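The file upload18.cif contains mmCIF, C-alpha atoms:
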```
data_model
loop_
_atom_site.label_atom_id
_atom_site.label_comp_id
_atom_site.auth_asym_id
_atom_site.auth_seq_id
_atom_site.Cartn_x
_atom_site.Cartn_y
_atom_site.Cartn_z
CA MET A 1 -18.34 -4.72 5.82
CA PRO A 2 -16.20 -1.77 5.39
CA LYS A 3 -17.60 1.04 3.30
CA LYS A 4 -15.39 1.81 0.35
CA ILE A 5 -15.70 4.42 -2.34
CA LYS A 6 -16.79 3.33 -5.80
CA LYS A 7 -14.55 3.76 -8.81
CA ILE A 8 -15.71 6.51 -11.14
CA LYS A 9 -16.30 5.60 -14.76
CA SER A 10 -13.78 6.72 -17.32
CA SER A 11 -14.95 8.27 -20.56
CA LYS A 12 -12.44 6.07 -22.41
CA LYS A 13 -13.08 2.62 -21.01
CA LYS A 14 -15.44 0.90 -18.64
CA GLU A 15 -14.28 0.49 -15.05
CA THR A 16 -15.11 -2.41 -12.79
CA ALA A 17 -16.97 -1.61 -9.59
CA ASP A 18 -15.03 -1.36 -6.37
CA ILE A 19 -16.41 -2.70 -3.09
CA ILE A 20 -19.18 -0.45 -1.88
CA PRO A 21 -22.14 -1.47 0.24
CA LEU A 22 -23.82 1.94 -0.13
CA PRO A 23 -24.15 4.11 -3.24
CA ARG A 24 -22.79 7.66 -3.29
CA ARG A 25 -22.79 8.21 0.44
CA GLU A 26 -20.35 11.07 -0.09
CA ALA A 27 -22.78 13.06 -2.22
CA MET A 28 -25.50 12.62 0.40
CA GLU A 29 -23.11 14.02 2.98
CA GLY A 30 -22.80 17.11 0.81
CA THR A 31 -26.54 17.67 1.00
CA LEU A 32 -26.46 17.33 4.78
CA ALA A 33 -23.49 19.65 5.05
CA ASN A 34 -25.28 22.30 3.03
CA ILE A 35 -28.35 21.97 5.24
CA PHE A 36 -26.65 22.01 8.61
CA GLY A 37 -23.49 23.93 7.86
CA GLY A 38 -20.56 23.83 10.27
CA ASP A 39 -17.71 25.70 11.87
CA LYS A 40 -14.99 24.65 9.47
CA ASP A 41 -12.83 27.13 7.67
CA ARG A 42 -14.54 28.60 4.61
CA ALA A 43 -11.88 27.29 2.23
CA ILE A 44 -12.20 23.76 3.59
CA ASN A 45 -15.97 23.95 3.25
CA GLU A 46 -15.70 25.14 -0.33
CA ALA A 47 -13.18 22.44 -1.22
CA GLN A 48 -15.32 19.75 0.40
CA ASN A 49 -18.39 20.87 -1.51
CA ILE A 50 -16.40 20.49 -4.72
CA MET A 51 -15.51 16.97 -3.65
CA TYR A 52 -19.16 16.09 -3.22
CA ASP A 53 -19.54 17.05 -6.87
CA ALA A 54 -16.44 15.02 -7.72
CA TRP A 55 -17.89 11.84 -6.23
CA ASP A 56 -20.88 12.27 -8.54
CA ALA A 57 -18.86 13.21 -11.63
CA PRO A 58 -19.85 11.14 -14.68
CA THR A 59 -16.25 10.39 -15.71
CA ARG A 60 -12.97 9.75 -13.99
CA GLU A 61 -11.32 12.63 -15.81
CA GLN A 62 -13.89 15.12 -14.55
CA ALA A 63 -13.60 13.77 -11.02
CA VAL A 64 -9.82 14.16 -11.04
CA VAL A 65 -10.09 17.74 -12.31
CA LEU A 66 -12.49 18.56 -9.49
CA ALA A 67 -10.27 16.92 -6.87
CA ARG A 68 -7.30 18.97 -7.99
CA LYS A 69 -9.44 22.09 -7.95
CA ALA A 70 -10.46 21.28 -4.38
CA LEU A 71 -6.80 21.05 -3.34
CA GLU A 72 -6.06 24.40 -4.95
CA ILE A 73 -8.74 25.90 -2.72
CA SER A 74 -7.65 24.02 0.39
CA PRO A 75 -4.73 21.58 0.79
CA ASP A 76 -6.54 20.28 3.87
CA CYS A 77 -9.23 18.49 1.84
CA ALA A 78 -8.69 14.82 2.72
CA ASP A 79 -11.28 13.49 0.28
CA ALA A 80 -9.37 14.99 -2.64
CA TYR A 81 -6.36 12.83 -1.79
CA VAL A 82 -8.61 9.78 -1.45
CA LEU A 83 -10.04 10.27 -4.91
CA LEU A 84 -6.64 10.94 -6.46
CA ALA A 85 -5.28 7.78 -4.85
CA GLN A 86 -8.08 5.73 -6.37
CA GLU A 87 -8.06 7.31 -9.79
CA THR A 88 -4.48 8.38 -10.54
CA ALA A 89 -2.08 6.23 -8.49
CA LYS A 90 0.15 4.04 -10.64
CA SER A 91 1.41 1.79 -7.86
CA LEU A 92 0.69 0.73 -4.30
CA SER A 93 3.39 3.08 -3.05
CA ASP A 94 1.69 5.94 -4.89
CA GLU A 95 -1.62 5.06 -3.24
CA ILE A 96 0.00 4.97 0.17
CA GLU A 97 1.55 8.39 -0.34
CA PHE A 98 -1.78 9.90 -1.40
CA TYR A 99 -3.54 8.37 1.60
CA ARG A 100 -0.86 9.56 4.01
CA GLN A 101 -1.34 13.06 2.64
CA GLY A 102 -5.09 12.61 3.05
CA VAL A 103 -4.75 11.59 6.69
CA ALA A 104 -2.46 14.54 7.37
CA ALA A 105 -4.90 16.87 5.61
CA GLY A 106 -7.76 15.52 7.69
CA GLU A 107 -5.82 16.05 10.89
CA ARG A 108 -5.11 19.66 9.94
CA ALA A 109 -8.73 20.28 8.97
CA LEU A 110 -10.12 18.87 12.20
CA GLY A 111 -7.53 20.37 14.55
CA LYS A 112 -5.91 18.76 17.57
CA GLU A 113 -8.90 19.40 19.81
CA ALA A 114 -11.11 17.05 17.81
CA PHE A 115 -8.90 14.10 18.72
CA THR A 116 -9.58 14.65 22.40
CA GLU A 117 -12.99 16.31 22.55
CA ASP A 118 -14.74 14.28 19.83
CA VAL A 119 -13.41 10.80 20.61
CA GLY A 120 -16.29 8.35 20.33
CA TYR A 121 -18.20 10.55 17.90
CA PHE A 122 -16.07 10.32 14.77
CA TRP A 123 -18.07 9.53 11.63
CA GLY A 124 -21.16 10.78 13.38
CA LEU A 125 -19.73 14.26 12.82
CA LEU A 126 -19.79 14.92 9.08
CA GLU A 127 -16.52 16.82 9.09
CA THR A 128 -14.66 13.74 10.41
CA ARG A 129 -15.67 11.46 7.55
CA PRO A 130 -13.06 12.49 4.96
CA TYR A 131 -10.35 11.83 7.54
CA MET A 132 -11.83 8.45 8.43
CA ARG A 133 -12.10 7.48 4.78
CA ALA A 134 -8.47 8.38 4.17
CA ARG A 135 -7.25 6.52 7.25
CA ALA A 136 -9.21 3.36 6.45
CA SER A 137 -7.78 3.30 2.93
CA LEU A 138 -4.28 3.96 4.24
CA ALA A 139 -4.54 1.03 6.66
CA GLU A 140 -5.71 -1.29 3.89
CA CYS A 141 -2.86 -0.29 1.57
CA ILE A 142 -0.08 -0.51 4.12
CA TRP A 143 -1.33 -3.95 5.15
CA LYS A 144 -0.94 -5.03 1.52
CA ALA A 145 2.54 -3.50 1.54
CA GLY A 146 3.53 -5.65 4.52
CA GLN A 147 3.45 -2.89 7.14
CA ARG A 148 1.13 -4.96 9.24
CA GLU A 149 1.67 -3.69 12.75
CA GLU A 150 1.12 -0.13 11.58
CA ALA A 151 -2.05 -1.16 9.74
CA VAL A 152 -3.46 -2.88 12.83
CA GLY A 153 -2.63 0.21 14.87
CA HIS A 154 -4.67 2.36 12.49
CA TYR A 155 -7.65 0.00 12.72
CA HIS A 156 -7.55 0.00 16.53
CA GLU A 157 -7.32 3.78 16.65
CA MET A 158 -10.25 4.17 14.25
CA LEU A 159 -12.39 2.00 16.50
CA ARG A 160 -11.36 4.11 19.48
CA LEU A 161 -12.41 7.25 17.63
CA ASN A 162 -15.62 5.65 16.36
CA PRO A 163 -16.66 2.66 18.49
CA ASN A 164 -19.99 2.56 16.64
CA ASP A 165 -17.87 1.41 13.68
CA ASN A 166 -20.09 2.68 10.88
CA GLN A 167 -17.34 1.76 8.41
CA GLY A 168 -17.11 -1.90 9.41
CA ILE A 169 -13.47 -1.62 10.43
CA ARG A 170 -13.83 -4.54 12.84
CA TYR A 171 -14.52 -6.87 9.91
CA LEU A 172 -11.11 -6.03 8.49
CA LEU A 173 -9.30 -6.04 11.80
CA MET A 174 -10.53 -9.45 12.98
CA PRO A 175 -8.91 -11.62 10.26
CA ARG A 176 -5.74 -9.56 10.46
CA LEU A 177 -5.42 -10.15 14.19
CA ILE A 178 -5.95 -13.87 13.65
CA GLU A 179 -3.43 -13.93 10.80
CA LEU A 180 -0.86 -12.34 13.10
CA GLY A 181 -1.59 -14.93 15.78
CA LEU A 182 -3.05 -12.32 18.12
CA ASP A 183 -5.95 -14.49 19.23
CA GLU A 184 -6.28 -12.78 22.61
CA LYS A 185 -6.65 -9.42 20.89
CA ALA A 186 -9.17 -11.00 18.54
CA GLU A 187 -11.15 -12.24 21.54
CA GLU A 188 -11.12 -8.74 23.01
CA LEU A 189 -12.42 -7.34 19.74
CA PHE A 190 -15.14 -9.96 19.59
CA ALA A 191 -16.21 -9.12 23.14
CA GLN A 192 -16.37 -5.43 22.25
CA TYR A 193 -18.96 -6.22 19.57
CA SER A 194 -20.53 -9.32 21.11
CA ASN A 195 -24.02 -8.35 19.93
CA ASP A 196 -22.99 -8.46 16.27
CA GLY A 197 -24.94 -11.29 14.64
CA SER A 198 -23.58 -10.90 11.11
CA ALA A 199 -21.99 -13.72 9.13
CA PHE A 200 -18.68 -11.88 9.32
CA TRP A 201 -18.74 -12.08 13.09
CA MET A 202 -20.32 -15.50 13.54
CA TYR A 203 -17.84 -17.30 11.28
CA SER A 204 -14.96 -15.52 12.97
CA ARG A 205 -16.38 -16.71 16.30
CA ALA A 206 -16.44 -20.28 15.03
CA LEU A 207 -12.85 -20.03 13.78
CA LEU A 208 -11.62 -18.60 17.08
CA ASP A 209 -13.32 -21.40 19.01
CA PHE A 210 -11.74 -24.01 16.75
CA ARG A 211 -8.31 -22.41 17.17
CA LYS A 212 -8.70 -22.61 20.95
CA GLN A 213 -10.37 -25.99 21.35
CA GLY A 214 -10.26 -27.87 18.07
CA ASP A 215 -13.31 -29.95 17.12
CA SER A 216 -15.09 -29.24 20.40
CA PRO A 217 -18.80 -29.00 21.21
CA GLU A 218 -18.42 -25.24 21.69
CA ALA A 219 -16.78 -24.79 18.30
CA GLY A 220 -19.47 -26.96 16.76
CA ARG A 221 -22.22 -24.83 18.26
CA SER A 222 -20.56 -21.67 17.00
CA LEU A 223 -20.28 -23.09 13.50
CA LYS A 224 -23.89 -24.24 13.55
CA ALA A 225 -24.98 -20.72 14.53
CA ALA A 226 -22.87 -19.25 11.74
CA LEU A 227 -24.39 -21.62 9.18
CA LYS A 228 -27.85 -20.46 10.19
CA VAL A 229 -26.84 -16.87 9.50
CA ASN A 230 -25.33 -17.62 6.08
CA LYS A 231 -25.16 -21.14 4.69
CA HIS A 232 -23.19 -20.08 1.60
CA VAL A 233 -19.92 -19.12 3.29
CA PRO A 234 -18.41 -22.65 3.36
CA ASP A 235 -18.95 -23.03 -0.39
CA TYR A 236 -16.52 -20.19 -1.05
CA LEU A 237 -14.08 -20.97 1.75
CA LEU A 238 -13.83 -24.59 0.58
CA GLY A 239 -13.77 -23.85 -3.14
CA ARG A 240 -17.06 -25.59 -3.85
CA ARG A 241 -18.09 -22.44 -5.67
CA ARG A 242 -15.76 -20.25 -7.68
CA MET A 243 -15.12 -16.73 -6.47
CA PRO A 244 -16.28 -14.06 -8.93
CA ARG A 245 -13.72 -11.94 -10.75
CA GLY A 246 -14.87 -8.83 -8.93
CA LEU A 247 -16.40 -8.39 -5.52
CA PRO A 248 -20.10 -7.48 -5.39
CA PRO A 249 -20.88 -3.78 -4.81
CA HIS A 250 -23.66 -4.64 -2.35
CA TYR A 251 -24.71 -7.57 -0.22
CA GLY A 252 -27.73 -8.77 1.71
CA PHE A 253 -27.70 -10.63 4.98
CA GLY A 254 -27.50 -14.35 4.33
CA ASN A 255 -26.98 -14.14 0.58
CA THR A 256 -24.12 -15.30 -1.65
CA ASP A 257 -22.70 -11.79 -2.02
CA GLU A 258 -22.16 -11.60 1.73
CA ALA A 259 -20.46 -15.00 1.59
CA VAL A 260 -18.16 -13.89 -1.23
CA ILE A 261 -17.07 -10.79 0.68
CA TYR A 262 -16.43 -12.76 3.86
CA ALA A 263 -14.41 -15.39 2.01
CA ASP A 264 -12.33 -12.76 0.23
CA ASP A 265 -11.15 -11.29 3.54
CA ASN A 266 -11.02 -14.47 5.62
CA LYS A 267 -10.12 -17.47 3.46
CA ALA A 268 -6.40 -17.05 4.16
CA VAL A 269 -6.81 -17.27 7.94
CA TRP A 270 -9.06 -20.32 7.68
CA GLU A 271 -6.49 -22.05 5.47
CA ALA A 272 -3.64 -21.03 7.79
CA THR A 273 -5.38 -22.58 10.82
CA SER A 274 -4.38 -26.23 10.96
CA GLY A 275 -7.40 -28.50 10.50
CA ALA A 276 -9.93 -25.68 10.17
CA ILE A 277 -10.78 -26.25 6.51
CA GLU A 278 -11.20 -29.99 7.03
CA TRP A 279 -13.38 -29.35 10.07
CA LEU A 280 -15.52 -26.89 8.13
CA ALA A 281 -15.91 -29.36 5.25
CA GLU A 282 -16.98 -32.13 7.61
CA HIS A 283 -19.63 -30.05 9.34
CA SER A 284 -21.14 -28.07 6.45
#
```
As a first step, turn the structure in this file into structure tokens.
Amino acid sequence: MPKKIKKIKSSKKKETADIIPLPRREAMEGTLANIFGGDKDRAINEAQNIMYDAWDAPTREQAVVLARKALEISPDCADAYVLLAQETAKSLSDEIEFYRQGVAAGERALGKEAFTEDVGYFWGLLETRPYMRARASLAECIWKAGQREEAVGHYHEMLRLNPNDNQGIRYLLMPRLIELGLDEKAEELFAQYSNDGSAFWMYSRALLDFRKQGDSPEAGRSLKAALKVNKHVPDYLLGRRRMPRGLPPHYGFGNTDEAVIYADDNKAVWEATSGAIEWLAEHS
């Protein structure tokens, strides 16, 4: 699933965890950056190092102070805008504005050459990660705001820049393509990652087959394969089990946490596909 950044605890009240499959990845990047260095401008490096401290700050207030300090040193620090969006935005429009600034900052920090010379290697290069974090969050927010074609465009472009898809962007893009009725594009995306055996992919395969053929042998085989990967998914798609108030911060292959995360992103497209929920109930 997509890798999101965890909410930082406030000193005044307890915060609920955001969706993160990996703990404090950003701070680990700081260690690597200090070991290997880089060719980035000194101010950007200094600001980014402050942001690695910000991700590990014990309170939200301290993290925000550090993010603002990073921007004073370099306005091209994309991660600072990401953190400020998460911790200070009062509305969805505020979040979007912060993330747009973060994407623009990341573009300035990387330079135009990176978007031609480094295509295919984004995320693998440490200096591209703040930009990719900002762009993923921007796409998510503008989708919520109804700017759906733009959001899908961002997801496609991120996969072009990083076809290895370390962030799990394809798991967000797939249900959005289906929701928009772009089944052919969804098929192309599935073919691009045909070796993916995760529950996210297998259940999407089953849904696509049902949308094409209805209750066919091929759709049945796809659903059977998906059930072998994670038998818990139908319970949450069908409402047999109640969704938790908050999404789990981690998941394991085949466990209920994985099922919860899949259902959260995909329940709407299953329900919008005529007959799909009934078919799933009958065969699970």
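Counting only C-alpha atoms, Ala151 (chain A) has the following residues at most 8 Å away, ignoring those fewer than 2 positions along the same chain: A:Leu138, A:Ala139, A:Glu140, A:Ile142, A:Trp143, A:Gln147, A:Arg148, A:Glu149, A:Gly153, A:His154, A:Tyr155.
By all atoms listed in the file, and with residues fewer than 4 positions from region 211-217 of chain A along its chain excluded, the set lying at most 10 Å from it is Ile178, Asp183, Arg205, Ala206, Leu207, Arg221, Ser222, Leu223, Trp270, Thr273, Ser274, Gly275, Ala276, Trp279 and Leu280 of chain A.
If only C-alpha atoms are the atoms counted, then among A:Glu127, A:Met243, A:Asp265, A:Ala80 the closest residue to Asp41 (chain A) is A:Glu127.
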Gap from CA of Glu271 (chain A) to CA of Glu179 (chain A) - Å, one decimal: 10.2 Å
So that I can check the surroundings of region 193-202 of chain A, please list as a short mmCIF file (atom, residue, chain, number, x, y, z; two decimals) with C-alpha atoms, keeping the file's coordinate frame every protein, DNA and RNA residue that reaches within 8 Å of it, counting only C-alpha atoms and ignoring chain neighbours fewer than 2 positions away.
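Ended up saving to selection.cif:
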```
data_model
loop_
_atom_site.label_atom_id
_atom_site.label_comp_id
_atom_site.auth_asym_id
_atom_site.auth_seq_id
_atom_site.Cartn_x
_atom_site.Cartn_y
_atom_site.Cartn_z
CA MET A 1 -18.34 -4.72 5.82
CA TYR A 171 -14.52 -6.87 9.91
CA LEU A 189 -12.42 -7.34 19.74
CA PHE A 190 -15.14 -9.96 19.59
CA ALA A 191 -16.21 -9.12 23.14
CA SER A 204 -14.96 -15.52 12.97
CA ARG A 205 -16.38 -16.71 16.30
CA ALA A 206 -16.44 -20.28 15.03
CA SER A 222 -20.56 -21.67 17.00
CA LEU A 223 -20.28 -23.09 13.50
CA ALA A 225 -24.98 -20.72 14.53
CA ALA A 226 -22.87 -19.25 11.74
CA VAL A 229 -26.84 -16.87 9.50
CA ASN A 230 -25.33 -17.62 6.08
CA PHE A 253 -27.70 -10.63 4.98
CA GLY A 254 -27.50 -14.35 4.33
CA GLU A 258 -22.16 -11.60 1.73
CA ALA A 259 -20.46 -15.00 1.59
CA TYR A 262 -16.43 -12.76 3.86
#
```
Computed interatomic separation between CA of Asn266 (chain A) and CA of Pro175 (chain A) (Å): 5.8 Å
Result set, the PyMOL selection byres ((chain A and resi 238) around 9) on current file, as number ranges by chain: A: 233-237, 239-241, 267, 277-278, 280-281
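When CA of Ser93 (chain A) is paired with CA of Ala136 (chain A), their separation reads 15.8 Å.
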Selection under test: the PyMOL selection byres ((chain A and resi 99) around 8); residues as a VMD selection string: chain A and resid 81 to 82 85 95 to 98 100 to 103 134 to 135 137 to 138
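Restricting the calculation to only C-alpha atoms, the smallest distance between Glu107 (chain A) and any of A:Cys77, A:Ala268, A:Ala263, A:Met158 is found for A:Cys77.
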Quick one: axis-aligned box around all listed atoms of region 205-211 of chain A, 3 Å on every side, centre and edge lengths in Å to one decimal, written as lines of an AutoDock Vina configuration file.
```
center_x = -12.4
center_y = -20.4
center_z = 16.4
size_x = 14.1
size_y = 13.3
size_z = 11.2
```
Option closest in space to Lys228 (chain A), from A:Asn255, A:Phe122, A:Asp209, A:Pro248 [counting all atoms listed in the file]: A:Asn255
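With all atoms listed in the file as the basis for measurement, A:Arg160 is the residue among A:Arg160, A:Arg129, A:Lys90, A:Lys231 that approaches Thr116 (chain A) most closely.
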